[in-house]
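Shown here: input18.cif, mmCIF, C-alpha atoms and all ligand atoms.
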```cif
data_target
loop_
_atom_site.label_atom_id
_atom_site.label_comp_id
_atom_site.auth_asym_id
_atom_site.auth_seq_id
_atom_site.Cartn_x
_atom_site.Cartn_y
_atom_site.Cartn_z
CA MET R 431 21.91 -1.38 -22.81
CA ASP R 432 21.18 1.99 -24.36
CA PHE R 433 21.91 4.17 -21.35
CA ASP R 434 21.00 7.35 -23.15
CA SER R 435 17.38 6.25 -23.18
CA PHE R 436 17.47 6.79 -19.42
CA ALA R 437 18.01 10.52 -19.84
CA LYS R 438 15.27 10.66 -22.45
CA ALA R 439 12.80 8.99 -20.10
CA LEU R 440 13.30 11.60 -17.35
CA PRO R 441 10.99 14.58 -16.87
CA GLU R 442 12.47 17.99 -17.56
CA SER R 443 11.53 19.29 -14.16
CA GLY R 444 9.65 18.35 -11.04
CA GLN R 445 10.29 15.74 -8.38
CA VAL R 446 10.86 12.05 -9.00
CA LEU R 447 9.52 9.38 -6.67
CA LEU R 448 11.71 6.34 -6.00
CA CYS R 449 10.48 3.03 -4.71
CA THR R 450 11.59 -0.56 -4.30
CA HIS R 451 10.11 -3.85 -3.13
CA ARG R 452 8.34 -4.36 0.18
CA HIS R 453 10.73 -4.76 3.12
CA PRO R 454 13.65 -3.04 1.39
CA ASP R 455 17.05 -4.70 1.65
CA PRO R 456 20.47 -3.03 1.35
CA ASP R 457 20.47 -3.46 -2.43
CA GLY R 458 17.11 -1.72 -2.79
CA LEU R 459 18.15 1.04 -0.36
CA GLY R 460 21.58 1.46 -1.97
CA ALA R 461 20.06 1.65 -5.45
CA MET R 462 17.60 4.31 -4.27
CA VAL R 463 20.32 6.43 -2.67
CA GLY R 464 22.46 6.09 -5.81
CA MET R 465 19.55 6.94 -8.09
CA ALA R 466 18.63 10.01 -6.01
CA TYR R 467 22.23 11.19 -6.24
CA LEU R 468 22.39 10.67 -10.01
CA LEU R 469 19.11 12.51 -10.58
CA GLU R 470 20.25 15.43 -8.48
CA GLN R 471 23.85 15.71 -9.69
CA ARG R 472 23.43 15.05 -13.36
CA PHE R 473 19.84 16.03 -14.13
CA GLY R 474 19.05 18.62 -11.46
CA LEU R 475 16.02 16.60 -10.38
CA ALA R 476 14.99 16.34 -6.75
CA SER R 477 13.58 13.02 -5.58
CA ALA R 478 11.79 11.44 -2.66
CA MET R 479 11.73 7.82 -1.55
CA VAL R 480 8.80 5.78 -0.45
CA LEU R 481 9.37 2.59 1.51
CA GLU R 482 6.86 -0.17 2.06
CA GLY R 483 7.03 -2.66 4.88
CA ARG R 484 9.20 -2.32 7.94
CA ILE R 485 12.93 -2.81 7.84
CA ARG R 486 13.75 -5.09 10.72
CA ARG R 487 16.99 -6.90 10.04
CA ALA R 488 19.37 -5.15 12.41
CA GLU R 489 22.04 -4.55 9.73
CA ASN R 490 19.47 -2.93 7.44
CA VAL R 491 18.05 -0.77 10.22
CA ALA R 492 21.60 0.37 10.99
CA MET R 493 22.22 1.11 7.31
CA ARG R 494 19.11 3.23 7.08
CA GLU R 495 19.82 5.13 10.31
CA LEU R 496 23.53 5.70 9.80
CA LEU R 497 23.14 6.78 6.18
CA GLU R 498 20.11 8.89 7.13
CA ILE R 499 17.90 7.37 4.46
CA ARG R 500 14.63 9.26 4.83
CA ALA R 501 11.46 8.08 3.23
CA LEU R 502 7.83 9.03 2.97
CA PRO R 503 5.33 6.68 4.55
CA LYS R 504 3.44 4.62 1.95
CA GLY R 505 0.18 6.48 2.57
CA GLY R 506 1.86 9.88 2.61
CA VAL R 507 2.44 10.29 -1.10
CA ASP R 508 0.61 13.09 -2.92
CA PRO R 509 0.74 11.92 -6.55
CA ALA R 510 0.33 15.48 -7.81
CA ALA R 511 3.70 16.36 -6.29
CA TYR R 512 5.66 13.98 -8.52
CA ALA R 513 6.50 14.06 -12.20
CA GLY R 514 7.34 10.39 -12.36
CA LEU R 515 8.24 7.17 -10.61
CA ILE R 516 11.31 4.94 -10.80
CA VAL R 517 11.28 1.42 -9.32
CA VAL R 518 14.63 -0.12 -8.35
CA ASP R 519 15.59 -3.70 -7.43
CA SER R 520 12.12 -4.87 -8.40
CA GLN R 521 9.52 -4.43 -11.08
CA PRO R 522 6.18 -2.69 -10.81
CA HIS R 523 4.25 -5.85 -11.69
CA PHE R 524 5.95 -8.05 -9.07
CA THR R 525 3.62 -9.12 -6.32
CA HIS R 526 5.91 -7.83 -3.55
CA THR R 527 6.02 -4.34 -5.08
CA HIS R 528 3.20 -1.82 -4.89
CA PRO R 529 4.21 1.60 -6.18
CA PRO R 530 1.90 4.39 -5.06
CA GLY R 531 -0.80 4.99 -7.66
CA GLY R 532 -1.28 8.07 -9.75
CA VAL R 533 2.39 8.77 -10.52
CA PRO R 534 3.48 8.03 -14.11
CA LEU R 535 6.06 5.27 -14.36
CA ILE R 536 9.37 6.52 -15.80
CA GLY R 537 11.10 3.20 -15.59
CA PHE R 538 12.49 0.34 -13.57
CA ILE R 539 15.93 -1.12 -13.01
CA ASP R 540 16.26 -4.66 -11.75
CA HIS R 541 18.59 -7.64 -11.85
CA HIS R 542 15.84 -10.20 -11.17
CA LEU R 543 14.19 -11.88 -14.09
CA GLY R 544 10.43 -12.33 -14.11
CA SER R 545 8.33 -14.14 -11.62
CA VAL R 546 5.16 -16.12 -11.94
CA GLY R 547 2.46 -14.39 -9.97
CA GLU R 548 3.31 -11.14 -11.66
CA ASN R 549 0.60 -9.17 -13.36
CA GLN R 550 0.95 -9.87 -17.07
CA ASP R 551 -1.24 -6.92 -18.07
CA ASP R 552 1.13 -4.42 -16.52
CA GLN R 553 3.99 -6.00 -18.40
CA GLU R 554 2.47 -5.09 -21.72
CA THR R 555 2.29 -1.41 -20.83
CA GLU R 556 4.84 0.85 -22.47
CA VAL R 557 7.48 1.94 -19.97
CA PRO R 558 9.93 4.65 -21.10
CA PHE R 559 12.97 3.05 -19.44
CA ARG R 560 13.03 -0.66 -18.69
CA TRP R 561 16.38 -2.19 -17.69
CA VAL R 562 16.24 -5.77 -16.47
CA ASP R 563 19.50 -7.67 -16.66
CA ASP R 564 20.55 -10.67 -14.61
CA SER R 565 24.16 -10.30 -15.67
CA TYR R 566 24.37 -7.95 -12.69
CA GLY R 567 24.48 -9.46 -9.21
CA ALA R 568 22.91 -6.37 -7.65
CA THR R 569 20.77 -3.42 -8.70
CA SER R 570 23.23 -1.19 -6.84
CA THR R 571 25.83 -2.29 -9.41
CA MET R 572 23.48 -1.27 -12.21
CA VAL R 573 22.95 2.15 -10.62
CA ASP R 574 26.70 2.54 -10.14
CA HIS R 575 27.09 1.68 -13.81
CA LEU R 576 24.65 4.49 -14.66
CA LEU R 577 26.60 6.90 -12.43
CA ARG R 578 29.79 6.04 -14.25
CA HIS R 579 28.09 6.33 -17.63
CA TYR R 580 27.03 9.86 -16.75
CA GLY R 581 30.40 10.72 -15.24
CA VAL R 582 29.06 11.23 -11.71
CA GLU R 583 31.45 10.44 -8.84
CA PRO R 584 29.44 9.27 -5.84
CA ASP R 585 29.98 11.13 -2.58
CA VAL R 586 30.94 9.14 0.53
CA ARG R 587 27.34 8.52 1.61
CA THR R 588 26.25 7.38 -1.84
CA ALA R 589 29.30 5.17 -2.28
CA THR R 590 28.71 3.61 1.15
CA ALA R 591 25.06 2.92 0.36
CA LEU R 592 25.81 1.41 -3.05
CA PHE R 593 28.66 -0.63 -1.61
CA CYS R 594 26.31 -2.06 1.04
CA GLY R 595 23.94 -3.06 -1.77
CA VAL R 596 26.57 -4.75 -3.92
CA ARG R 597 28.19 -6.63 -1.06
CA TYR R 598 24.88 -7.72 0.46
CA ASP R 599 23.30 -9.09 -2.71
CA THR R 600 26.52 -10.77 -3.87
CA ASN R 601 27.66 -11.82 -0.39
CA ASN R 602 30.95 -9.98 -0.90
CA LEU R 603 31.22 -11.11 -4.53
CA LEU R 604 30.82 -14.75 -3.56
CA ARG R 605 27.26 -15.22 -4.76
CA GLY R 606 26.09 -14.53 -8.30
CA ALA R 607 28.67 -11.77 -8.82
CA THR R 608 29.73 -10.85 -12.32
CA GLU R 609 32.53 -8.66 -13.68
CA PHE R 610 30.19 -5.66 -13.36
CA ASP R 611 29.80 -6.29 -9.64
CA GLU R 612 33.53 -6.73 -9.30
CA ILE R 613 34.22 -3.35 -10.92
CA SER R 614 31.63 -1.56 -8.77
CA PHE R 615 32.68 -3.37 -5.60
CA ARG R 616 36.33 -2.33 -6.02
CA ARG R 617 35.48 1.23 -6.95
CA LEU R 618 32.90 1.78 -4.23
CA GLU R 619 35.01 0.11 -1.56
CA GLN R 620 37.63 2.83 -2.03
CA GLN R 621 35.05 5.58 -1.60
CA ALA R 622 32.87 4.14 1.16
CA ASP R 623 33.16 5.12 4.82
CA ARG R 624 34.82 2.22 6.62
CA LYS R 625 33.64 3.19 10.09
CA LEU R 626 30.04 3.31 8.90
CA LEU R 627 30.46 -0.02 7.14
CA GLY R 628 31.77 -1.56 10.36
CA ALA R 629 28.84 -0.19 12.34
CA ILE R 630 26.37 -1.51 9.76
CA ASP R 631 28.04 -4.92 9.80
CA GLN R 632 27.90 -5.42 13.55
CA PRO R 633 24.83 -3.71 14.94
CA SER R 634 23.53 -4.47 18.41
CA LEU R 635 20.80 -7.09 18.40
CA PRO R 636 17.53 -7.24 20.33
CA ARG R 637 16.76 -10.17 22.61
CA GLU R 638 14.05 -11.18 20.14
CA TYR R 639 16.78 -11.97 17.64
CA PHE R 640 18.28 -14.60 19.91
CA ARG R 641 14.87 -16.11 20.64
CA GLN R 642 14.39 -16.50 16.90
CA ILE R 643 17.75 -18.24 16.60
CA ARG R 644 16.71 -20.75 19.23
CA GLU R 645 13.43 -21.47 17.48
CA ALA R 646 15.21 -21.98 14.18
CA LEU R 647 17.76 -24.32 15.75
CA ASP R 648 14.91 -26.33 17.25
CA ALA R 649 12.96 -26.45 13.97
CA GLY R 650 15.82 -27.33 11.61
CA GLU R 651 15.72 -30.81 10.06
CA VAL R 652 18.12 -32.53 7.70
CA PHE R 653 16.88 -34.52 4.70
CA GLY R 654 19.66 -35.73 2.43
CA PRO R 655 21.14 -32.61 0.78
CA LEU R 656 18.53 -30.33 2.34
CA VAL R 657 18.25 -28.43 5.62
CA LEU R 658 14.55 -27.75 6.05
CA THR R 659 13.39 -25.18 8.60
CA ILE R 660 9.64 -24.71 8.80
CA LEU R 661 8.94 -21.94 11.29
CA GLY R 662 5.73 -20.41 12.60
CA GLU R 663 5.46 -16.65 13.13
CA VAL R 664 8.76 -14.84 12.65
CA ASN R 665 9.97 -11.30 13.36
CA SER R 666 10.21 -10.33 9.71
CA PRO R 667 10.49 -11.88 6.26
CA GLU R 668 14.19 -11.10 6.44
CA SER R 669 14.71 -13.41 9.37
CA VAL R 670 13.56 -16.26 7.12
CA ALA R 671 16.28 -15.38 4.61
CA GLU R 672 18.78 -15.06 7.44
CA VAL R 673 17.98 -18.55 8.75
CA ALA R 674 18.22 -20.03 5.24
CA ASP R 675 21.62 -18.39 4.72
CA TRP R 676 22.92 -19.39 8.11
CA PHE R 677 21.87 -23.05 7.90
CA LEU R 678 23.31 -23.35 4.40
CA ARG R 679 26.65 -23.34 6.18
CA LEU R 680 25.92 -26.77 7.65
CA LYS R 681 28.65 -29.15 6.59
CA GLY R 682 27.46 -31.86 4.23
CA GLN R 683 24.26 -30.20 3.02
CA THR R 684 24.03 -28.18 -0.19
CA TRP R 685 20.52 -26.71 0.03
CA SER R 686 18.72 -24.77 2.72
CA LEU R 687 15.05 -23.89 2.78
CA ALA R 688 13.46 -21.80 5.49
CA GLY R 689 9.87 -20.62 5.86
CA GLY R 690 8.08 -18.41 8.35
CA ALA R 691 4.89 -16.39 8.65
CA SER R 692 5.03 -12.62 8.70
CA GLU R 693 2.42 -9.98 7.98
CA GLY R 694 -0.19 -12.36 6.61
CA ARG R 695 2.15 -14.27 4.30
CA TYR R 696 4.22 -17.39 4.55
CA GLN R 697 7.71 -16.31 3.47
CA VAL R 698 10.06 -18.90 2.02
CA SER R 699 13.76 -18.60 1.21
CA LEU R 700 15.79 -21.19 -0.67
CA ARG R 701 19.58 -21.19 -0.88
CA SER R 702 22.18 -23.50 -2.36
CA ASP R 703 25.95 -23.52 -2.27
CA LEU R 704 26.31 -25.68 -5.36
CA PRO R 705 28.15 -23.57 -7.94
CA ASP R 706 25.65 -24.14 -10.76
CA ALA R 707 22.48 -24.41 -8.71
CA ASP R 708 19.36 -22.73 -10.01
CA ALA R 709 17.15 -22.12 -6.99
CA TYR R 710 14.29 -20.36 -8.74
CA PRO R 711 12.63 -23.32 -10.53
CA VAL R 712 12.93 -25.42 -7.38
CA LEU R 713 11.19 -22.80 -5.26
CA ARG R 714 8.67 -22.22 -8.05
CA PHE R 715 7.72 -25.88 -7.75
CA ILE R 716 7.63 -25.79 -3.95
CA LEU R 717 5.36 -22.74 -3.77
CA GLY R 718 3.08 -24.06 -6.48
CA GLU R 719 0.14 -22.13 -7.81
CA GLN R 720 -0.55 -20.65 -4.41
CA GLY R 721 2.65 -18.64 -4.24
CA ALA R 722 4.78 -16.05 -6.02
CA CYS R 723 8.54 -16.05 -6.14
CA GLY R 724 11.65 -14.64 -7.70
CA GLY R 725 15.32 -15.41 -7.62
CA HIS R 726 18.61 -15.62 -9.34
CA GLY R 727 21.31 -18.29 -9.27
CA ARG R 728 21.74 -19.92 -5.91
CA MET R 729 19.04 -17.96 -4.09
CA ALA R 730 15.31 -17.58 -4.40
CA GLY R 731 12.57 -16.16 -2.23
CA GLY R 732 8.81 -16.06 -2.33
CA GLN R 733 5.62 -16.16 -0.36
CA ILE R 734 2.20 -17.68 -0.10
CA PRO R 735 -0.61 -15.47 1.20
CA LEU R 736 -2.20 -16.82 4.38
CA THR R 737 -5.69 -16.10 3.19
CA GLU R 738 -7.08 -19.16 1.47
CA TYR R 739 -5.06 -21.58 3.60
CA SER R 740 -4.20 -21.61 7.27
CA LEU R 741 -0.64 -21.38 8.54
CA GLU R 742 -0.63 -25.10 9.36
CA GLU R 743 -1.86 -26.01 5.88
CA VAL R 744 0.76 -23.86 4.18
CA GLN R 745 3.51 -25.24 6.43
CA ALA R 746 2.46 -28.78 5.52
CA MET R 747 2.27 -27.90 1.82
CA VAL R 748 5.72 -26.31 1.71
CA ARG R 749 7.18 -29.21 3.62
CA ARG R 750 5.58 -31.85 1.40
CA ARG R 751 6.64 -30.17 -1.84
CA ALA R 752 10.15 -29.49 -0.56
CA LEU R 753 10.58 -33.18 0.23
CA GLU R 754 9.19 -34.03 -3.19
CA ALA R 755 11.56 -31.60 -4.92
CA PHE R 756 14.56 -33.14 -3.19
CA GLU R 757 13.28 -36.72 -3.51
CA GLN R 758 13.12 -37.20 0.24
CA VAL R 759 9.45 -38.08 0.58
CA ASP R 760 9.80 -41.31 2.51
CA VAL R 761 13.08 -40.47 4.12
CA ALA R 762 13.24 -40.10 7.89
CA SER R 763 14.29 -36.65 9.01
CA SER R 764 17.09 -36.05 11.40
CA PRO R 765 16.98 -32.97 13.62
CA LEU R 766 19.59 -30.32 12.86
CA VAL R 767 20.39 -30.21 16.56
CA SER R 768 19.29 -33.03 18.80
CA ARG R 769 18.57 -31.81 22.30
CA THR R 770 20.02 -34.87 23.94
CA GLN R 771 22.91 -35.48 21.63
CA GLY R 772 26.33 -33.96 21.84
CA SER R 773 27.28 -32.82 25.30
CA GLY R 774 27.11 -36.21 26.96
CA LYS R 775 26.56 -34.39 30.20
CA ASN R 776 22.77 -34.33 30.20
CA PRO R 777 21.20 -36.62 32.76
MN MN L 1 18.85 -6.97 -5.42
#
```
Please express the file's structure as C-alpha cells.
Amino acid sequence: MDFDSFAKALPESGQVLLCTHRHPDPDGLGAMVGMAYLLEQRFGLASAMVLEGRIRRAENVAMRELLEIRALPKGGVDPAAYAGLIVVDSQPHFTHTHPPGGVPLIGFIDHHLGSVGENQDDQETEVPFRWVDDSYGATSTMVDHLLRHYGVEPDVRTATALFCGVRYDTNNLLRGATEFDEISFRRLEQQADRKLLGAIDQPSLPREYFRQIREALDAGEVFGPLVLTILGEVNSPESVAEVADWFLRLKGQTWSLAGGASEGRYQVSLRSDLPDADAYPVLRFILGEQGACGGHGRMAGGQIPLTEYSLEEVQAMVRRRALEAFEQVDVASSPLVSRTQGSGKNP
C-alpha cells in the first residue's frame, strides 16, 4: 500500500466527516476514533463522526459511552461544513452503508472484500484514497498501521478504542487475525486503559437480553454440522451475530447460522470454526438474489429486505437454502435444547 497517497488525498483545511456501516461495531468505532486522532495530530484537521443505526449490543454501548464517542445524528449533517468524507470498516457502495450526500469522498479503508448487492456504478468512480485489504483482520489494525506510518503515538483513549476494534473483529486474535493484527494488538494492549476495557467487556445487561437468549435457545435446531437458529423479531442486528457466535460453541457442530428481523430487514449471520472455512460464498448462496452480504474467513453477515417478501417467507427461504447448502434437506432436525430432555425431574 502506498500510504503517502493518504496524505495527498486529504484536504488542506476544513473539517473531515467520518462514517462507517449501519449499526457500528467496535471495529468501526475504533477505526473512526483512530482516524480522527490521526487527522488531528498529524494533519491538523478537525473531524466529526456520523453514525447510522442504533448501537444496542451492551458491550458496544459501553464502549461508546466510556470512550465518549460523540457523533452527529444522520440527518444533522450540513454538507457545506465538511471538506471531505472518509468511510471506515465499510465501503461507500455497500448496501449497509449510506454516507451523507453532498460531501466529497476522500477515501475508504476496509478489510472486507466486495459484496454482491453493492452498487457497481459507484465502484467505477475515482476515489482519491481507496485501501481495501483482507490481509488485515480488522480496520482498526489498518488505522493503527497508518498511525505508525505517520509516527503518531495513540493516546490512551485512542489506543483503547483501536484495541477494542482489533480484539472484537479478530476475537482476541483467534479469528482471521494476521501478523498485522498481532502487531497492533500487542502494541495497543500496552497503551489501552485496562479498567475501561474491563467495563466494556462486562457491561450490565437489560432484561430484554435474557428474553432474547431464551428465544434463541428455544429456536435453535441441529442439522448435521449446522446449528440453525431462525428467529422472528430481534432487539438488534447485533443480537443475531451474538447468537450465531454463541451457538457455534456447541460441541460437535462446525457451523452456526442465525437469522432475525430488525428494522425492516432479515439479518443473517453465519459462523464456522473450521480453520479453512470460507463463510461468504455459503451465505451468498443462502441469501440468494434477494439479499446482500459480506464477510471474511469464518464469518459472514448479510440481510434481506422485508419489502417484497413477508417475514415468514424470508424465514422459510433462508431455512430451505441453509439446509440445501449443508446437504440436510431431508434430514430430521433435532432441537438444540429439548424442553423435556435432560433434567429427568420434569413430571
Ligand atoms: Mn471490521
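With all atoms listed in the file as the basis for measurement, R:Ala730 is the residue among R:Ala730, R:Leu717, R:Ala589, R:Leu496 that approaches ligand MN 1 (chain L) most closely.
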key: Residue neighbourhood Leu635 (chain R), 10 Å, all atoms listed in the file, exclusion window fewer than 3 positions, as an MDAnalysis selection string   = chainID R and resid 487:489 632 638:640
For C-alpha atoms, I'd like the residues from the last selection saved as a compact mmCIF listing (two decimals), in the coordinates of the input.
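Output contents, as saved in result24.txt:
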```
# COMPACT_ATOMS: atom_id res chain seq x y z
CA ARG R 487 16.99 -6.90 10.04
CA ALA R 488 19.37 -5.15 12.41
CA GLU R 489 22.04 -4.55 9.73
CA GLN R 632 27.90 -5.42 13.55
CA GLU R 638 14.05 -11.18 20.14
CA TYR R 639 16.78 -11.97 17.64
CA PHE R 640 18.28 -14.60 19.91
```
task = Output the neighbourhood of ligand MN 1 (chain L) as a PyMOL selection string, that is, all protein and nucleic acid residues with some atom at most 9 Å from the ligand, counting only C-alpha atoms and all ligand atoms.
result = chain R and resi 455-458+461+518-520+540-542+567-570+595-596+598-600
Store the residues picked out above in a file with C-alpha atoms, as an mmCIF file, in the coordinates of the input.
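This went into part-v6.cif:
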```cif
data_model
loop_
_atom_site.group_PDB
_atom_site.id
_atom_site.type_symbol
_atom_site.label_atom_id
_atom_site.label_comp_id
_atom_site.auth_asym_id
_atom_site.auth_seq_id
_atom_site.Cartn_x
_atom_site.Cartn_y
_atom_site.Cartn_z
ATOM 1 C CA ASP R 455 17.050 -4.700 1.650
ATOM 2 C CA PRO R 456 20.470 -3.030 1.350
ATOM 3 C CA ASP R 457 20.470 -3.460 -2.430
ATOM 4 C CA GLY R 458 17.110 -1.720 -2.790
ATOM 5 C CA ALA R 461 20.060 1.650 -5.450
ATOM 6 C CA VAL R 518 14.630 -0.120 -8.350
ATOM 7 C CA ASP R 519 15.590 -3.700 -7.430
ATOM 8 C CA SER R 520 12.120 -4.870 -8.400
ATOM 9 C CA ASP R 540 16.260 -4.660 -11.750
ATOM 10 C CA HIS R 541 18.590 -7.640 -11.850
ATOM 11 C CA HIS R 542 15.840 -10.200 -11.170
ATOM 12 C CA GLY R 567 24.480 -9.460 -9.210
ATOM 13 C CA ALA R 568 22.910 -6.370 -7.650
ATOM 14 C CA THR R 569 20.770 -3.420 -8.700
ATOM 15 C CA SER R 570 23.230 -1.190 -6.840
ATOM 16 C CA GLY R 595 23.940 -3.060 -1.770
ATOM 17 C CA VAL R 596 26.570 -4.750 -3.920
ATOM 18 C CA TYR R 598 24.880 -7.720 0.460
ATOM 19 C CA ASP R 599 23.300 -9.090 -2.710
ATOM 20 C CA THR R 600 26.520 -10.770 -3.870
#
```
task = Determine the nearest neighbour of Leu481 (chain R) from the options R:Ala501, R:Leu687, R:Ala755, R:Leu604, counting all atoms listed in the file.
result = R:Ala501
note = From the list R:Gly464, R:His528, R:Asp508, R:Pro534, the nearest residue to Leu440 (chain R) using all atoms listed in the file is R:Pro534
inquiry  = Between R:Gly537, R:Gly682, R:Gly474, R:Pro633, which residue has the minimum interatomic distance to Phe653 (chain R), considering all atoms listed in the file?
reply    =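 Closest residue, counting all atoms listed in the file: R:Gly682.
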Of the listed residues R:Ile643, R:Met729, R:Ala722, R:Val507, that which approaches Arg695 (chain R) most closely, counting only C-alpha atoms =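 Selected residue with least distance to Arg695 (chain R): R:Ala722.
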ask   = To one decimal place, how far is CA of Asp623 (chain R) from CA of Gly581 (chain R) in Å?
value =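 Computed distance, CA of Asp623 (chain R) to CA of Gly581 (chain R), equals 21.0 Å.
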query = Counting all atoms listed in the file, which of R:Glu442, R:Glu495, R:Glu757, R:Asp432 gets nearest to Leu459 (chain R)?
reply = R:Glu495
task = Tell me which protein, DNA and RNA residues are within 6 Å of Val664 (chain R), counting only C-alpha atoms, leaving out same-chain ones fewer than 5 positions away, and put them as a list in words.
result =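 Listing them by chain and then by number gives Gly690, Ala691 and Ser692 of chain R.
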Write a file of the just-selected residues containing C-alpha atoms, as a PDB file, keeping the file's coordinate frame.
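Okay, this is what ended up in again_1.pdb:
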```pdb
ATOM      1  CA  GLY R 690       8.080 -18.410   8.350  1.00  0.00           C
ATOM      2  CA  ALA R 691       4.890 -16.390   8.650  1.00  0.00           C
ATOM      3  CA  SER R 692       5.030 -12.620   8.700  1.00  0.00           C
TER       4      SER R 692
END
```
request  = For region 761-763 of chain R, work out the shell of residues within 12 Å, counting only C-alpha atoms and skipping chain neighbours fewer than 3 positions away, then give it as a list in words.
outcome  =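 In the requested form, the answer reads Ala649, Gly650, Glu651, Val652, Phe653, Gly654, Pro655, Leu656, Val657, Leu658, Thr659, Arg749, Arg750, Leu753, Glu754, Phe756, Glu757, Gln758, Leu766, Val767 and Ser768 of chain R.
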query = In Å to one decimal, how far is CA of Val748 (chain R) from CA of Tyr696 (chain R)?
reply =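 So the two atoms, CA of Tyr696 (chain R) and CA of Val748 (chain R), lie 9.5 Å apart.
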message = Please report the interatomic distance between CA of Trp685 (chain R) and CA of Asp703 (chain R) in Å with one decimal.
response = 6.7 Å
query = Can you tell me, as a PyMOL selection string, what residues are no more than 9 Å from Tyr467 (chain R) when counting only C-alpha atoms, ignoring any on the same chain fewer than 2 positions away?
reply = chain R and resi 462-465+469-472+476-477+577+582+584-585+588
